[in-house]
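*Asks:* Input file: coords16.cif. Contents: mmCIF, N, CA and C atoms.
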data_structure
loop_
_atom_site.label_atom_id
_atom_site.label_comp_id
_atom_site.auth_asym_id
_atom_site.auth_seq_id
_atom_site.Cartn_x
_atom_site.Cartn_y
_atom_site.Cartn_z
N MET Q 1 0.83 -1.19 0.00
CA MET Q 1 0.00 0.00 0.00
C MET Q 1 0.87 1.25 0.00
N GLU Q 2 1.89 1.26 0.86
CA GLU Q 2 2.75 2.44 0.94
C GLU Q 2 3.55 2.65 -0.34
N THR Q 3 4.06 1.58 -0.90
CA THR Q 3 4.95 1.67 -2.05
C THR Q 3 4.22 2.03 -3.34
N TYR Q 4 3.00 1.54 -3.49
CA TYR Q 4 2.30 1.72 -4.76
C TYR Q 4 0.98 2.49 -4.63
N ALA Q 5 0.04 1.95 -3.92
CA ALA Q 5 -1.28 2.60 -3.85
C ALA Q 5 -1.21 3.95 -3.15
N GLY Q 6 -0.41 4.04 -2.10
CA GLY Q 6 -0.29 5.29 -1.36
C GLY Q 6 0.36 6.41 -2.15
N THR Q 7 1.09 6.04 -3.20
CA THR Q 7 1.76 7.04 -4.03
C THR Q 7 0.94 7.40 -5.27
N GLY Q 8 -0.15 6.66 -5.49
CA GLY Q 8 -0.97 6.92 -6.67
C GLY Q 8 -0.51 6.16 -7.90
N LEU Q 9 0.53 5.33 -7.77
CA LEU Q 9 1.01 4.57 -8.92
C LEU Q 9 0.04 3.46 -9.33
N VAL Q 10 -0.64 2.90 -8.36
CA VAL Q 10 -1.62 1.86 -8.64
C VAL Q 10 -2.86 2.12 -7.79
N ARG Q 11 -3.96 1.51 -8.20
CA ARG Q 11 -5.21 1.59 -7.43
C ARG Q 11 -5.47 0.23 -6.83
N TYR Q 12 -5.73 0.19 -5.53
CA TYR Q 12 -6.07 -1.05 -4.84
C TYR Q 12 -7.55 -1.01 -4.50
N GLU Q 13 -8.25 -2.03 -4.92
CA GLU Q 13 -9.69 -2.11 -4.66
C GLU Q 13 -9.99 -3.50 -4.12
N PHE Q 14 -10.73 -3.56 -3.03
CA PHE Q 14 -11.14 -4.83 -2.44
C PHE Q 14 -12.58 -5.10 -2.81
N ASN Q 15 -12.85 -6.31 -3.28
CA ASN Q 15 -14.22 -6.73 -3.57
C ASN Q 15 -14.47 -8.07 -2.91
N ASP Q 16 -15.65 -8.19 -2.32
CA ASP Q 16 -16.02 -9.47 -1.72
C ASP Q 16 -16.26 -10.51 -2.81
N PHE Q 17 -15.93 -11.73 -2.47
CA PHE Q 17 -16.28 -12.86 -3.32
C PHE Q 17 -16.88 -13.91 -2.39
N ALA Q 18 -18.09 -13.62 -1.96
CA ALA Q 18 -18.78 -14.44 -0.97
C ALA Q 18 -19.47 -15.60 -1.67
N PHE Q 19 -18.71 -16.63 -1.99
CA PHE Q 19 -19.20 -17.71 -2.84
C PHE Q 19 -19.44 -19.03 -2.10
N ILE Q 20 -19.22 -19.06 -0.81
CA ILE Q 20 -19.28 -20.32 -0.09
C ILE Q 20 -20.68 -20.65 0.41
N GLY Q 21 -21.55 -19.68 0.48
CA GLY Q 21 -22.91 -19.95 0.94
C GLY Q 21 -23.45 -18.81 1.76
N GLN Q 22 -24.54 -19.07 2.46
CA GLN Q 22 -25.24 -18.03 3.20
C GLN Q 22 -24.35 -17.36 4.25
N GLU Q 23 -23.58 -18.12 5.01
CA GLU Q 23 -22.72 -17.51 6.02
C GLU Q 23 -21.66 -16.62 5.39
N SER Q 24 -21.16 -17.02 4.28
CA SER Q 24 -20.17 -16.21 3.55
C SER Q 24 -20.79 -14.87 3.15
N LEU Q 25 -22.00 -14.92 2.67
CA LEU Q 25 -22.72 -13.71 2.28
C LEU Q 25 -22.99 -12.82 3.49
N ARG Q 26 -23.44 -13.40 4.59
CA ARG Q 26 -23.71 -12.62 5.80
C ARG Q 26 -22.42 -12.01 6.36
N ALA Q 27 -21.32 -12.74 6.29
CA ALA Q 27 -20.04 -12.20 6.78
C ALA Q 27 -19.63 -11.00 5.93
N ALA Q 28 -19.83 -11.10 4.62
CA ALA Q 28 -19.50 -9.97 3.74
C ALA Q 28 -20.39 -8.77 4.06
N GLU Q 29 -21.67 -9.02 4.30
CA GLU Q 29 -22.58 -7.93 4.67
C GLU Q 29 -22.15 -7.30 6.00
N ALA Q 30 -21.78 -8.13 6.96
CA ALA Q 30 -21.36 -7.62 8.27
C ALA Q 30 -20.11 -6.76 8.15
N ALA Q 31 -19.14 -7.21 7.36
CA ALA Q 31 -17.92 -6.43 7.18
C ALA Q 31 -18.22 -5.09 6.52
N THR Q 32 -19.18 -5.09 5.60
CA THR Q 32 -19.56 -3.85 4.93
C THR Q 32 -20.29 -2.94 5.91
N CYS Q 33 -21.08 -3.51 6.81
CA CYS Q 33 -21.70 -2.70 7.87
C CYS Q 33 -20.62 -2.11 8.78
N ALA Q 34 -19.59 -2.87 9.07
CA ALA Q 34 -18.49 -2.36 9.89
C ALA Q 34 -17.78 -1.21 9.18
N ARG Q 35 -17.77 -1.26 7.85
CA ARG Q 35 -17.16 -0.18 7.06
C ARG Q 35 -17.82 1.15 7.37
N GLU Q 36 -19.11 1.14 7.66
CA GLU Q 36 -19.82 2.37 8.01
C GLU Q 36 -19.21 3.04 9.24
N GLN Q 37 -18.56 2.25 10.07
CA GLN Q 37 -17.95 2.77 11.30
C GLN Q 37 -16.42 2.75 11.19
N ASP Q 38 -15.92 2.80 9.96
CA ASP Q 38 -14.48 2.82 9.68
C ASP Q 38 -13.75 1.64 10.30
N ALA Q 39 -14.40 0.48 10.29
CA ALA Q 39 -13.79 -0.70 10.90
C ALA Q 39 -13.82 -1.90 9.96
N PHE Q 40 -13.80 -1.65 8.65
CA PHE Q 40 -13.85 -2.77 7.71
C PHE Q 40 -12.69 -3.72 7.93
N TRP Q 41 -11.47 -3.21 7.90
CA TRP Q 41 -10.31 -4.11 7.97
C TRP Q 41 -10.20 -4.82 9.32
N PRO Q 42 -10.41 -4.16 10.46
CA PRO Q 42 -10.41 -4.93 11.71
C PRO Q 42 -11.50 -6.01 11.73
N TYR Q 43 -12.66 -5.70 11.19
CA TYR Q 43 -13.74 -6.68 11.16
C TYR Q 43 -13.37 -7.82 10.21
N HIS Q 44 -12.85 -7.48 9.05
CA HIS Q 44 -12.39 -8.46 8.07
C HIS Q 44 -11.39 -9.42 8.72
N ASP Q 45 -10.43 -8.87 9.43
CA ASP Q 45 -9.43 -9.71 10.10
C ASP Q 45 -10.06 -10.60 11.16
N THR Q 46 -11.04 -10.07 11.88
CA THR Q 46 -11.74 -10.86 12.89
C THR Q 46 -12.46 -12.04 12.25
N LEU Q 47 -13.08 -11.81 11.10
CA LEU Q 47 -13.75 -12.90 10.40
C LEU Q 47 -12.76 -14.00 10.05
N PHE Q 48 -11.61 -13.63 9.52
CA PHE Q 48 -10.64 -14.65 9.12
C PHE Q 48 -10.08 -15.40 10.32
N LEU Q 49 -9.95 -14.72 11.45
CA LEU Q 49 -9.45 -15.39 12.67
C LEU Q 49 -10.49 -16.33 13.28
N ASN Q 50 -11.74 -16.18 12.91
CA ASN Q 50 -12.81 -16.96 13.53
C ASN Q 50 -13.50 -17.93 12.56
N GLN Q 51 -12.84 -18.26 11.47
CA GLN Q 51 -13.40 -19.23 10.54
C GLN Q 51 -13.47 -20.61 11.21
N ALA Q 52 -14.52 -21.35 10.88
CA ALA Q 52 -14.68 -22.68 11.48
C ALA Q 52 -15.27 -23.66 10.47
N GLY Q 53 -14.91 -23.52 9.22
CA GLY Q 53 -15.47 -24.39 8.19
C GLY Q 53 -16.64 -23.73 7.49
N GLU Q 54 -16.98 -24.28 6.37
CA GLU Q 54 -18.03 -23.71 5.54
C GLU Q 54 -19.40 -23.90 6.16
N ASN Q 55 -20.10 -22.81 6.37
CA ASN Q 55 -21.47 -22.81 6.86
C ASN Q 55 -21.65 -23.70 8.09
N ALA Q 56 -20.70 -23.56 9.04
CA ALA Q 56 -20.71 -24.37 10.26
C ALA Q 56 -21.22 -23.59 11.46
N GLY Q 57 -21.71 -22.38 11.24
CA GLY Q 57 -22.27 -21.60 12.33
C GLY Q 57 -21.38 -20.48 12.86
N ALA Q 58 -20.12 -20.44 12.43
CA ALA Q 58 -19.20 -19.42 12.93
C ALA Q 58 -19.66 -18.02 12.57
N PHE Q 59 -20.35 -17.87 11.45
CA PHE Q 59 -20.79 -16.55 11.00
C PHE Q 59 -22.30 -16.39 11.06
N ALA Q 60 -22.91 -17.04 12.05
CA ALA Q 60 -24.32 -16.80 12.34
C ALA Q 60 -24.45 -15.35 12.79
N ASP Q 61 -25.61 -14.76 12.58
CA ASP Q 61 -25.81 -13.34 12.90
C ASP Q 61 -25.41 -13.00 14.33
N GLU Q 62 -25.73 -13.86 15.27
CA GLU Q 62 -25.37 -13.58 16.67
C GLU Q 62 -23.85 -13.43 16.82
N ASN Q 63 -23.10 -14.29 16.18
CA ASN Q 63 -21.64 -14.19 16.23
C ASN Q 63 -21.14 -12.94 15.53
N LEU Q 64 -21.76 -12.60 14.41
CA LEU Q 64 -21.35 -11.39 13.68
C LEU Q 64 -21.55 -10.15 14.55
N ARG Q 65 -22.65 -10.13 15.30
CA ARG Q 65 -22.90 -9.00 16.22
C ARG Q 65 -21.90 -9.02 17.38
N THR Q 66 -21.54 -10.20 17.84
CA THR Q 66 -20.56 -10.31 18.92
C THR Q 66 -19.20 -9.78 18.47
N PHE Q 67 -18.81 -10.09 17.25
CA PHE Q 67 -17.55 -9.56 16.71
C PHE Q 67 -17.57 -8.04 16.69
N ALA Q 68 -18.69 -7.47 16.27
CA ALA Q 68 -18.82 -6.01 16.20
C ALA Q 68 -18.67 -5.40 17.60
N ALA Q 69 -19.31 -6.02 18.57
CA ALA Q 69 -19.22 -5.52 19.95
C ALA Q 69 -17.79 -5.60 20.46
N ALA Q 70 -17.11 -6.70 20.17
CA ALA Q 70 -15.73 -6.88 20.62
C ALA Q 70 -14.80 -5.83 20.02
N LEU Q 71 -15.15 -5.33 18.83
CA LEU Q 71 -14.34 -4.29 18.18
C LEU Q 71 -14.75 -2.89 18.62
N GLY Q 72 -15.76 -2.81 19.48
CA GLY Q 72 -16.19 -1.51 19.99
C GLY Q 72 -17.09 -0.73 19.04
N LEU Q 73 -17.71 -1.43 18.11
CA LEU Q 73 -18.61 -0.74 17.19
C LEU Q 73 -19.92 -0.40 17.90
N ASP Q 74 -20.62 0.59 17.39
CA ASP Q 74 -21.93 0.93 17.92
C ASP Q 74 -22.85 -0.25 17.60
N GLU Q 75 -23.26 -0.97 18.64
CA GLU Q 75 -24.01 -2.21 18.43
C GLU Q 75 -25.38 -1.98 17.80
N ASP Q 76 -26.05 -0.92 18.19
CA ASP Q 76 -27.38 -0.64 17.61
C ASP Q 76 -27.27 -0.32 16.13
N ASP Q 77 -26.31 0.52 15.76
CA ASP Q 77 -26.13 0.86 14.35
C ASP Q 77 -25.76 -0.38 13.54
N PHE Q 78 -24.87 -1.19 14.11
CA PHE Q 78 -24.44 -2.40 13.41
C PHE Q 78 -25.62 -3.35 13.23
N ARG Q 79 -26.40 -3.58 14.28
CA ARG Q 79 -27.54 -4.48 14.23
C ARG Q 79 -28.55 -4.00 13.19
N THR Q 80 -28.80 -2.70 13.17
CA THR Q 80 -29.73 -2.13 12.20
C THR Q 80 -29.24 -2.35 10.78
N CYS Q 81 -27.98 -2.09 10.57
CA CYS Q 81 -27.39 -2.26 9.24
C CYS Q 81 -27.48 -3.72 8.80
N LEU Q 82 -27.03 -4.63 9.65
CA LEU Q 82 -27.03 -6.04 9.29
C LEU Q 82 -28.45 -6.54 9.05
N GLY Q 83 -29.37 -6.11 9.86
CA GLY Q 83 -30.76 -6.55 9.71
C GLY Q 83 -31.44 -6.01 8.46
N SER Q 84 -30.92 -4.92 7.93
CA SER Q 84 -31.55 -4.29 6.77
C SER Q 84 -31.17 -4.93 5.44
N ASN Q 85 -30.10 -5.70 5.42
CA ASN Q 85 -29.57 -6.28 4.16
C ASN Q 85 -29.24 -5.20 3.14
N ARG Q 86 -28.90 -4.00 3.60
CA ARG Q 86 -28.72 -2.88 2.68
C ARG Q 86 -27.56 -3.05 1.71
N TYR Q 87 -26.62 -3.93 2.03
CA TYR Q 87 -25.47 -4.12 1.14
C TYR Q 87 -25.55 -5.41 0.32
N ARG Q 88 -26.65 -6.12 0.42
CA ARG Q 88 -26.80 -7.40 -0.30
C ARG Q 88 -26.59 -7.20 -1.79
N GLY Q 89 -27.22 -6.18 -2.37
CA GLY Q 89 -27.08 -5.93 -3.81
C GLY Q 89 -25.65 -5.64 -4.20
N GLU Q 90 -24.97 -4.80 -3.42
CA GLU Q 90 -23.57 -4.45 -3.70
C GLU Q 90 -22.69 -5.71 -3.67
N ILE Q 91 -22.91 -6.55 -2.70
CA ILE Q 91 -22.11 -7.76 -2.57
C ILE Q 91 -22.41 -8.73 -3.71
N ASN Q 92 -23.67 -8.88 -4.06
CA ASN Q 92 -24.02 -9.75 -5.18
C ASN Q 92 -23.43 -9.23 -6.49
N GLU Q 93 -23.39 -7.92 -6.67
CA GLU Q 93 -22.75 -7.35 -7.86
C GLU Q 93 -21.27 -7.72 -7.90
N GLY Q 94 -20.61 -7.64 -6.75
CA GLY Q 94 -19.20 -8.01 -6.69
C GLY Q 94 -18.97 -9.47 -7.02
N ILE Q 95 -19.85 -10.33 -6.53
CA ILE Q 95 -19.75 -11.76 -6.84
C ILE Q 95 -19.90 -11.98 -8.34
N ASN Q 96 -20.90 -11.35 -8.93
CA ASN Q 96 -21.13 -11.50 -10.37
C ASN Q 96 -19.97 -10.95 -11.19
N GLU Q 97 -19.43 -9.81 -10.77
CA GLU Q 97 -18.29 -9.23 -11.48
C GLU Q 97 -17.09 -10.17 -11.41
N ALA Q 98 -16.85 -10.72 -10.23
CA ALA Q 98 -15.72 -11.64 -10.08
C ALA Q 98 -15.90 -12.87 -10.97
N ARG Q 99 -17.09 -13.41 -10.98
CA ARG Q 99 -17.36 -14.58 -11.83
C ARG Q 99 -17.16 -14.24 -13.30
N ASP Q 100 -17.61 -13.05 -13.70
CA ASP Q 100 -17.44 -12.62 -15.10
C ASP Q 100 -15.97 -12.51 -15.47
N LEU Q 101 -15.12 -12.16 -14.49
CA LEU Q 101 -13.68 -12.07 -14.74
C LEU Q 101 -13.01 -13.44 -14.73
N GLY Q 102 -13.72 -14.45 -14.24
CA GLY Q 102 -13.15 -15.79 -14.17
C GLY Q 102 -12.59 -16.16 -12.81
N VAL Q 103 -12.87 -15.37 -11.79
CA VAL Q 103 -12.39 -15.67 -10.45
C VAL Q 103 -13.07 -16.94 -9.96
N GLN Q 104 -12.25 -17.84 -9.39
CA GLN Q 104 -12.78 -19.10 -8.88
C GLN Q 104 -12.38 -19.37 -7.44
N SER Q 105 -11.47 -18.55 -6.91
CA SER Q 105 -11.00 -18.77 -5.54
C SER Q 105 -10.51 -17.45 -4.96
N THR Q 106 -10.27 -17.49 -3.66
CA THR Q 106 -9.70 -16.32 -2.99
C THR Q 106 -8.40 -16.73 -2.33
N PRO Q 107 -7.46 -15.82 -2.24
CA PRO Q 107 -7.51 -14.50 -2.87
C PRO Q 107 -7.16 -14.58 -4.36
N THR Q 108 -7.77 -13.72 -5.11
CA THR Q 108 -7.44 -13.53 -6.52
C THR Q 108 -7.31 -12.04 -6.76
N PHE Q 109 -6.30 -11.67 -7.48
CA PHE Q 109 -6.03 -10.26 -7.79
C PHE Q 109 -6.11 -10.07 -9.30
N ALA Q 110 -6.66 -8.95 -9.72
CA ALA Q 110 -6.67 -8.59 -11.14
C ALA Q 110 -5.68 -7.45 -11.30
N ILE Q 111 -4.64 -7.71 -12.05
CA ILE Q 111 -3.62 -6.69 -12.31
C ILE Q 111 -3.65 -6.40 -13.79
N ASN Q 112 -4.14 -5.22 -14.11
CA ASN Q 112 -4.35 -4.82 -15.51
C ASN Q 112 -5.13 -5.88 -16.29
N GLY Q 113 -6.16 -6.42 -15.64
CA GLY Q 113 -7.03 -7.37 -16.29
C GLY Q 113 -6.58 -8.82 -16.25
N GLU Q 114 -5.36 -9.07 -15.79
CA GLU Q 114 -4.85 -10.44 -15.68
C GLU Q 114 -5.06 -10.94 -14.27
N LEU Q 115 -5.63 -12.15 -14.14
CA LEU Q 115 -5.87 -12.71 -12.82
C LEU Q 115 -4.61 -13.34 -12.26
N VAL Q 116 -4.37 -13.04 -10.99
CA VAL Q 116 -3.25 -13.60 -10.26
C VAL Q 116 -3.84 -14.24 -9.01
N GLU Q 117 -3.73 -15.56 -8.89
CA GLU Q 117 -4.34 -16.27 -7.78
C GLU Q 117 -3.33 -16.55 -6.68
N GLY Q 118 -3.85 -16.54 -5.46
CA GLY Q 118 -3.04 -16.93 -4.31
C GLY Q 118 -2.46 -15.74 -3.57
N GLY Q 119 -2.03 -16.02 -2.37
CA GLY Q 119 -1.40 -15.00 -1.54
C GLY Q 119 0.07 -14.88 -1.87
N LEU Q 120 0.40 -13.92 -2.68
CA LEU Q 120 1.79 -13.73 -3.10
C LEU Q 120 2.54 -12.89 -2.08
N SER Q 121 3.84 -13.05 -2.09
CA SER Q 121 4.69 -12.22 -1.24
C SER Q 121 4.78 -10.81 -1.84
N PHE Q 122 5.24 -9.87 -1.04
CA PHE Q 122 5.42 -8.51 -1.55
C PHE Q 122 6.36 -8.52 -2.76
N GLU Q 123 7.41 -9.30 -2.67
CA GLU Q 123 8.39 -9.34 -3.77
C GLU Q 123 7.76 -9.85 -5.06
N GLN Q 124 6.86 -10.83 -4.95
CA GLN Q 124 6.20 -11.35 -6.14
C GLN Q 124 5.26 -10.29 -6.73
N PHE Q 125 4.50 -9.64 -5.87
CA PHE Q 125 3.64 -8.55 -6.36
C PHE Q 125 4.49 -7.44 -6.96
N GLN Q 126 5.57 -7.09 -6.29
CA GLN Q 126 6.44 -6.02 -6.77
C GLN Q 126 6.95 -6.31 -8.16
N SER Q 127 7.36 -7.54 -8.41
CA SER Q 127 7.85 -7.91 -9.73
C SER Q 127 6.78 -7.71 -10.80
N ILE Q 128 5.57 -8.16 -10.51
CA ILE Q 128 4.46 -8.02 -11.47
C ILE Q 128 4.12 -6.54 -11.67
N ILE Q 129 4.02 -5.80 -10.60
CA ILE Q 129 3.65 -4.38 -10.68
C ILE Q 129 4.71 -3.59 -11.42
N GLU Q 130 5.98 -3.83 -11.11
CA GLU Q 130 7.06 -3.10 -11.79
C GLU Q 130 7.06 -3.40 -13.28
N GLN Q 131 6.79 -4.65 -13.63
CA GLN Q 131 6.73 -5.01 -15.04
C GLN Q 131 5.59 -4.26 -15.73
N GLU Q 132 4.43 -4.18 -15.08
CA GLU Q 132 3.30 -3.46 -15.65
C GLU Q 132 3.56 -1.97 -15.74
N LEU Q 133 4.20 -1.40 -14.74
CA LEU Q 133 4.48 0.04 -14.74
C LEU Q 133 5.50 0.43 -15.81
N SER Q 134 6.35 -0.51 -16.17
CA SER Q 134 7.40 -0.19 -17.15
C SER Q 134 6.89 -0.25 -18.59
N GLN Q 135 5.67 -0.75 -18.78
CA GLN Q 135 5.14 -0.88 -20.14
C GLN Q 135 4.49 0.40 -20.60
#
For the file at hand, write its structure as structure tokens.
*Replies:*
Amino acid sequence: METYAGTGLVRYEFNDFAFIGQESLRAAEAATCAREQDAFWPYHDTLFLNQAGENAGAFADENLRTFAAALGLDEDDFRTCLGSNRYRGEINEGINEARDLGVQSTPTFAINGELVEGGLSFEQFQSIIEQELSQ
């Protein structure tokens, strides 16, 4: 972020790819609700630390609200947001866009339209980015 996005050389955009089922979708909605309180990334990290298998109950609404409370979010605002499903359309659009690009797993990165799958090291990303910037 500091080397590239923070300097304006590249744009970094995060999109949900909630493809595992209902809990995956609810977790994406909850993280987006946390974004309203400037806590997207801490909430995102909490979700990843609390995974317990696909649709096994780890991301039931009660747990999602508990995560928000543990992060110090306004619980009433969070509950209202999550209950409203106000971000469902945005998340579904992201899923459809990812599928249209050919995304099949996470993490996947699109660098100038080319998909790069997996969690790469900074050095690996740097090599790809520098090659793209030099063209």
*Asks:* Do a neighbour search on Q:Glu54 at 8 Å with all atoms listed in the file, toss out local chain neighbours closer than 2 positions, and write the hits as a ChimeraX atom specification.
*Replies:* /Q:20-24,51-52,56-58
*Asks:* Just list the residues in stretch 58-104 of chain Q DSSP gives helix (DSSP H, G or I) on the backbone, as a ChimeraX atom specification.
*Replies:* /Q:61-70,75-84,88-101
*Asks:* Considering only N, CA and C atoms, can you say which of Q:Ile129, Q:Ala27, Q:Cys81, Q:Leu9 comes closest to Q:Leu47?
*Replies:* Q:Ala27
*Asks:* Go through chain Q and collect every residue that DSSP, computed from the backbone, puts in strand (DSSP E); the answer should be as a list in words.
*Replies:* Thr108, Phe109, Ala110, Ile111, Glu114, Leu115, Val116 and Glu117 of chain Q
*Asks:* Would you compute the distance between atom CA of Q:Arg79 and atom CA of Q:Pro42? Give it in Å to one decimal.
*Replies:* 17.3 Å
*Asks:* Can you measure atom CA of Q:Glu97 to atom CA of Q:Leu133 for me? One decimal in Å is fine.
*Replies:*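 Separation between atom CA of Q:Glu97 and atom CA of Q:Leu133: 24.8 Å.
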*Asks:* What does the structure give for the distance between atom C of Q:Ala30 and atom N of Q:Arg99, in Å to one decimal?
*Replies:*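 Pair atom C of Q:Ala30 / atom N of Q:Arg99 returns 20.5 Å.
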*Asks:* Using the chain letters and residue numbers of this document, give as a PyMOL selection string the residues selected by the PyMOL selection byres (((chain Q and resi 12-19 and name CA) around 9) and name CA).
*Replies:* chain Q and resi 1+4-5+10-11+20-28+91-92+94-96+98-99+103-107
*Asks:* Written as number ranges by chain, what is the full residue list that the PyMOL selection byres (((chain Q and resi 67 and name CA) around 10) and name CA) yields on the file shown?
*Replies:* Q: 30, 34, 42-43, 46-47, 50, 59, 61-66, 68-73, 75
*Asks:* Quick one: of Q:Trp41, Q:Phe125, Q:Phe109, Q:Tyr87, who's nearest to Q:Glu29, counting all atoms listed in the file?
*Replies:* Q:Tyr87
